Structures are given as C-alpha cells and as structure tokens.
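Shown next, in structure tokens, is the structure this report addresses.
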Amino acid sequence: MTKRVFIATYGCQMNVYDSARMAELLAPLGFGRAASAEDADLVILNTCHIREKAAEKVFSELGKLRVLKQRKASRGSKMLIAVGGCVAQAEGEEIRRRAPFVDLAFGPQTYHRLPDLVARASCAGGEVVETSFPEEPKFDHLPQERAKQGVAAFLTVQEGCDKFCAFCVVPYTRGAEYSRPVMQIIDEARRLVASGTREITLLGQNVNAYHGEGADGREWGLSDLVRALAEISGLDRIRYTTSHPRDVDDGLVAVHRDVPQLMPFLHLPVQSGSNRVLAAMNRRHTAIDYRRTVERLRTARPDLALSSDLIVGFPGESEEDFQATIDLVGEIGFAQAFSFKYSPRPGTPAASAADQVPDAVKAERLSALQALLARQQREFNAACVGRVLPVLLEKPGRHQGQLVGRSPYLQSVHLAAAPDRVGDVVPVLITGAGQNSLSGMVAA
C-alpha cells in the first residue's frame, strides 16, 4: 500500500458497515488504513444527518481538516477531503458553500463508485459531487470478499424507508426501501463466519420491513431470513436493528420463540407515549399498539429485554403528552434507550410546524425522561448480578489478563480470561453491575 485513507464514521451502525466497505473498495487502488487524519492522503467523513448537532459536528471537523490540508500543501504534499453519507446527500450545496476546499461529496447510495470518484477528484480542479440515487443497487457492485471484521460484525440487509415520519430525513437521504436478495446476504454471512465472526447484527433503517427475493423466487420476510442464517454452522448469535412497531408480524414474533441464536434483546423505537404526538409524527402506530406488540413478544420470549428511541419536545407536545411518554416508559421498562430533544431537520414536515416547543422546556423534559431511563437501566443491570449469562468474548480489556464480551442483552461484560478465549461463548457468573456494564467470572 502506497497511500493511506482515514475514515471517520458518525451516526448509526449502518455507517460503520458502509465505512468498512469503503475501505475494501479503495484497497485495490493502493489505499491502506491510516491511524489518523494527519497520516492520510485521503480523509473521508462518513456522516449522519439525523440530528442537528451531528451535522454541525461535521462542519466543525472540516474546519480542522482545512488547516491540515493547507499545512500539507505548504510541504508539497496533497490531501483529498471527502464527505460521504447522509449530510453529503442532504446538504451537498451547503458543503460546497461553507467548505469549498472539500474535494468530493457523495451520498450513501453512491459509495460503490468511490474508486472512480476519488480518481476524478484527484484530477479535478474543483470538487466532485455525486448525490444521485442510481438505479442499480450498490450492493451488486461491492467486493464479495470482505476484510476480517472480528468476532461481531454488521451486515446491511435493507436500506431506505417508506414510512416518512414527520421528523426523519432517512427517506430523503437513503431513499426508498430496498431489500437485498436472500442469497447475497447468506453468502456474505458465510464469508464472515469463515473469517471468524460469531455474531452478526442485521442492519436496516427499517429492518423488519425486509422483503428480499429468495432463491426459490418468492419474497422472504425478516423471520425467514433469520431462520436461514441460523442454519450457518459457527454463527452463534444473530441480532437485528432498527425495527418499526408496525412491521412486527406473527412470523417475527415466532422466530424470537423458536430460534435460540436470535438474542433476547430488541431495539424497538416508540418515540412517544402520546397517541396525539404519534399521529403528528406519522408513526402509524398508537401507544396501545406498541404495548400489545411488546406483550406478544414477551409472551413468545419471556426473557426478552427491550431498547427504544424516544423524542421529547416534538412540535405541539403538551405536558399531558409528555406524561404519557413517562407513563409508557414506566410500564414497559427498558434495559437501555436513546432519548433526544426534538431537532428540526430541514425539509421534513415537522421542521415547519408552527407550535415548536421552547428549548428550555425540551431540556427539562429530557432530563426527567433520562433520569427514569437511567434508573431502569441500573435496575436491569443489577438484576443480572448472581445470574450466569452466556458471554461472547470479543477483545482484550483495559487491564492485564482481562477480556471484554457481550451478554445476550448487549451489555459489556468484563472478566479475567486468557487471550485465546476471544471468539468463545462462555458461561459467566455476573458479580457486579454498573450503569453501562457488568463484571463477572467464568462459571465453573
């Protein structure tokens, strides 16, 4: 390798998957991975546009890269700066205006063209912008062989969303729903397992809306795909994210009951506990629908733990609406959750709503909600103390002789174990619990 690329990844797990594929695409051009931007000939910011702060963080980082690029130019060196992902898709013109020193901007559906785009940017006098939605699926043009991903890996099976929630930019940045063919996914999963992966997380903006074409010509749902993946020898664990409550069908409920490789932990965003707010969000489910879905899942898998996404301060949210969210969270009980103040995203229906909630009110509500969620997470972790949980050992810990793994509920677990146990699923007696992790010892 004669050149170096540094890829900074922001946002969701799908961006983590995309960044890994970008590196694989650039390897035939002679690009190895750089440890930092300072060491790189090409810097790619793979961006997220879900929240306002995430987008502003990208522009802040670009300001630092501009200085680095100028410094390298003064020494006779050249550095290309590229912005990829959802910020590039949504704000290509804004990048052109605010950061004209950026050489390349490309959307999440065009990164399979990265070798050509980098070659064009290297020769171009101005920036190269590629934010189209190509007709051909990008997955058909990605390298089949993947670099070693480690014990746990992400695998994108579905992209885009047709739900059009009023607060969300995904339909505009990722496009319409697309599901990869079944055999393409299974082949990639087999290659991952052959290289040492023991846990695969299936990714999609709306992953349980998966409807890929099977080898038999019929349309498969996510439950069919999970059952097929469970037949791969050596694949010990399967997860999937992110789900929509509307798409939890009977087949998916049954697969949680029937497939032991499917972990008993589900991220199921509810966003609000108020039916009025859910309708304004265009979520297409009610709080009662959500409660019933959770009941069906827990009946099928009694040890199932839940995670969720919640937004406070959506336009028009009253104190009564917020209390409905608090009530739902208190009733359901979440092992962990992500909660945010509503952030207007340009181009979404909610951004232009007249009844925006004052930021001080949003901050107060978020603080109250996060206090409840933090207490639930502590209580869930504390309830694991004294239990023996199967833990997939993933990597060395910070201390000598320590390994870190994941419980079935996605908690980090720290324990003493030999380095050659990485990749093993071992029974661990949980002896301690913190806010975000557990500690334990290998059970006899």
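Quick note on naming: the chains in the structure tokens go A, B, ... in the order shown, residues restart at 1 in each chain, and ligands are numbered from 1 in order of appearance.
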### Message
With only C-alpha atoms as the counted atoms, please give the residues lying no more than 12 Å from Ala20 of chain A, apart from itself and same-chain residues fewer than 6 positions off, as number ranges by chain.
### Response
A: 5-9, 13-14, 26-27, 33, 44, 46, 111-112, 142-143, 145-150, 153-156
Within 7 Å of segment 301-304 of chain A, counting only C-alpha atoms, which residues qualify if same-chain residues fewer than 3 places away don't, as a PDB file with C-alpha atoms, in the first residue's frame?
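Below is the file that was written, out_36.pdb:
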```pdb
ATOM      1  CA  HIS A 256     -37.973 -14.965  18.726  1.00  0.00           C
ATOM      2  CA  ARG A 257     -39.581 -18.022  20.286  1.00  0.00           C
ATOM      3  CA  PRO A 264     -33.333 -11.880  23.528  1.00  0.00           C
ATOM      4  CA  PHE A 265     -32.714  -8.160  23.061  1.00  0.00           C
ATOM      5  CA  LEU A 297     -43.020 -10.554  22.017  1.00  0.00           C
ATOM      6  CA  ARG A 298     -42.624 -11.142  25.754  1.00  0.00           C
TER       7      ARG A 298
END
```
### Task
For Gly160 of chain A, please output as a ChimeraX atom specification all residues within 8 Å (counting only C-alpha atoms; exclusion window: fewer than 6 positions along the same chain).
/A:170-171,174-178,204-206
Write a file of the just-selected residues containing C-alpha atoms, as a PDB file, in the first residue's frame.
```
ATOM      1  CA  VAL A 170     -33.959   8.987   6.132  1.00  0.00           C
ATOM      2  CA  PRO A 171     -36.412   8.717   3.197  1.00  0.00           C
ATOM      3  CA  ARG A 174     -31.271   6.953   1.981  1.00  0.00           C
ATOM      4  CA  GLY A 175     -34.188   6.723  -0.437  1.00  0.00           C
ATOM      5  CA  ALA A 176     -36.979   4.208  -0.790  1.00  0.00           C
ATOM      6  CA  GLU A 177     -36.903   0.809   0.878  1.00  0.00           C
ATOM      7  CA  TYR A 178     -34.627  -1.700  -0.787  1.00  0.00           C
ATOM      8  CA  GLY A 204     -31.671  -1.727   8.058  1.00  0.00           C
ATOM      9  CA  GLN A 205     -33.286   1.658   8.503  1.00  0.00           C
ATOM     10  CA  ASN A 206     -36.480  -0.359   8.778  1.00  0.00           C
TER      11      ASN A 206
END
```
### Message
Give me the residues near segment 54-62 of chain A as a list of chain:residue names, where near means some atom within 8 Å (using only C-alpha atoms) and where sequence neighbours in that chain fewer than 2 positions away do not count.
### Response
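Once the adjacent positions are removed, what remains is A:Tyr10, A:Gly11, A:Leu45, A:Thr47, A:Cys48, A:His49, A:Ile50, A:Arg51, A:Glu52, A:Lys64, A:Leu65, A:Arg66, A:Val87, A:Ala99.
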Keeping N, CA and C atoms for every residue in the selection just given, could you write it to a file as a short mmCIF file (atom, residue, chain, number, x, y, z; two decimals), in the first residue's frame?
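Result file out-v8.cif:
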```cif
data_model
loop_
_atom_site.label_atom_id
_atom_site.label_comp_id
_atom_site.auth_asym_id
_atom_site.auth_seq_id
_atom_site.Cartn_x
_atom_site.Cartn_y
_atom_site.Cartn_z
N TYR A 10 -19.59 8.62 11.63
CA TYR A 10 -20.55 9.24 12.53
C TYR A 10 -21.89 8.49 12.43
N GLY A 11 -22.64 8.48 13.55
CA GLY A 11 -24.02 8.02 13.47
C GLY A 11 -24.21 6.53 13.65
N LEU A 45 -15.13 11.69 5.72
CA LEU A 45 -16.07 11.82 6.83
C LEU A 45 -17.37 11.15 6.40
N THR A 47 -20.91 10.54 7.20
CA THR A 47 -21.69 11.40 8.08
C THR A 47 -23.12 10.93 8.33
N CYS A 48 -23.70 11.51 9.39
CA CYS A 48 -25.08 11.24 9.79
C CYS A 48 -25.83 12.57 9.82
N HIS A 49 -27.10 12.54 9.44
CA HIS A 49 -27.88 13.78 9.37
C HIS A 49 -29.14 13.70 10.23
N ILE A 50 -29.18 12.73 11.13
CA ILE A 50 -30.39 12.54 11.93
C ILE A 50 -30.65 13.73 12.85
N ARG A 51 -29.58 14.24 13.48
CA ARG A 51 -29.75 15.35 14.42
C ARG A 51 -28.89 16.53 14.02
N GLU A 52 -29.32 17.71 14.43
CA GLU A 52 -28.66 18.96 14.04
C GLU A 52 -27.21 18.99 14.51
N LYS A 64 -11.09 21.90 10.90
CA LYS A 64 -9.79 21.39 11.33
C LYS A 64 -9.04 20.75 10.16
N LEU A 65 -9.78 20.05 9.31
CA LEU A 65 -9.13 19.39 8.16
C LEU A 65 -8.61 20.41 7.16
N ARG A 66 -9.29 21.55 7.06
CA ARG A 66 -8.81 22.59 6.14
C ARG A 66 -7.42 23.04 6.54
N VAL A 87 -25.19 13.55 5.40
CA VAL A 87 -25.01 15.01 5.33
C VAL A 87 -24.66 15.42 3.91
N ALA A 99 -17.71 24.93 2.71
CA ALA A 99 -16.41 24.26 2.73
C ALA A 99 -15.94 23.97 1.31
#
```
### Query
What are the DSSP alpha helix (DSSP H) residues of segment 107-333 of chain A, as a PyMOL selection string?
chain A and resi 114-123+170-173+182-194+222-229+250-258+275-280+287-300+319-332
### Message
For a test of reading the model, state the distance in Å between atom CA of Gly32 of chain A and atom CA of Pro137 of chain A, rounded to one decimal.
### Response
26.1 Å
### Task
For Ala34 of chain A, work out the shell of residues within 10 Å, counting only C-alpha atoms and skipping chain neighbours fewer than 2 positions away, then give it as a VMD selection string.
chain A and resid 3 to 7 31 to 32 36 to 43
### Message
Give me, as a list in words, all polymer residues having an atom no more than 8 Å from Thr431 of chain A, counting only C-alpha atoms and skipping those fewer than 4 positions away in the same chain.
### Response
Val385, Gly386, Leu438, Ser439, Gly440 and Met441 of chain A
### Task
Extract, using only C-alpha atoms, all DNA, RNA and protein residues at most 9 Å from Pro115 of chain A, discarding same-chain residues fewer than 4 positions from it, and format them as number ranges by chain.
A: 25-26, 28-29, 111, 119-120
### Message
Calculated over only C-alpha atoms, which of the candidates A:Thr173, A:Ala166, A:Asn381, A:Ser307 has the smallest distance to Leu278 of chain A?
### Response
A:Ala166
### Test item, strand (DSSP E) assignment across segment 136-238 of chain A, answer as a list in words
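So the strand (DSSP E) residues in segment 136-238 of chain A would be Ala152, Ala153, Phe154, Leu155, Thr156, Gln158, Glu159, Tyr178, Ser179, Glu199, Ile200, Thr201, Leu202, Leu203, His211, Gly212, Glu213, Glu219, Trp220, Gly221, Arg237 and Ile238 of chain A.
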### Message
With distances taken over only C-alpha atoms, which residue among A:Ala152, A:Ala324, A:Val329, A:Val361 lies nearest Ala374 of chain A?
### Response
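Of A:Ala152, A:Ala324, A:Val329, A:Val361, the one nearest Ala374 of chain A is A:Val329, counting only C-alpha atoms.
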#### Entry: Residue among A:His285, A:Asp309, A:Gly92, A:Ile238 lying closest to Pro269 of chain A, counting only C-alpha atoms
A:Asp309
### Selected residue of minimal separation from Ala279 of chain A among A:Glu317, A:Ile200, A:Thr348, A:Asp247, counting only C-alpha atoms
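Between A:Glu317, A:Ile200, A:Thr348, A:Asp247, the residue approaching Ala279 of chain A most closely is A:Glu317.
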### Query
atom CA of Leu403 of chain A and atom CA of Glu231 of chain A are how many Å apart?
28.4 Å
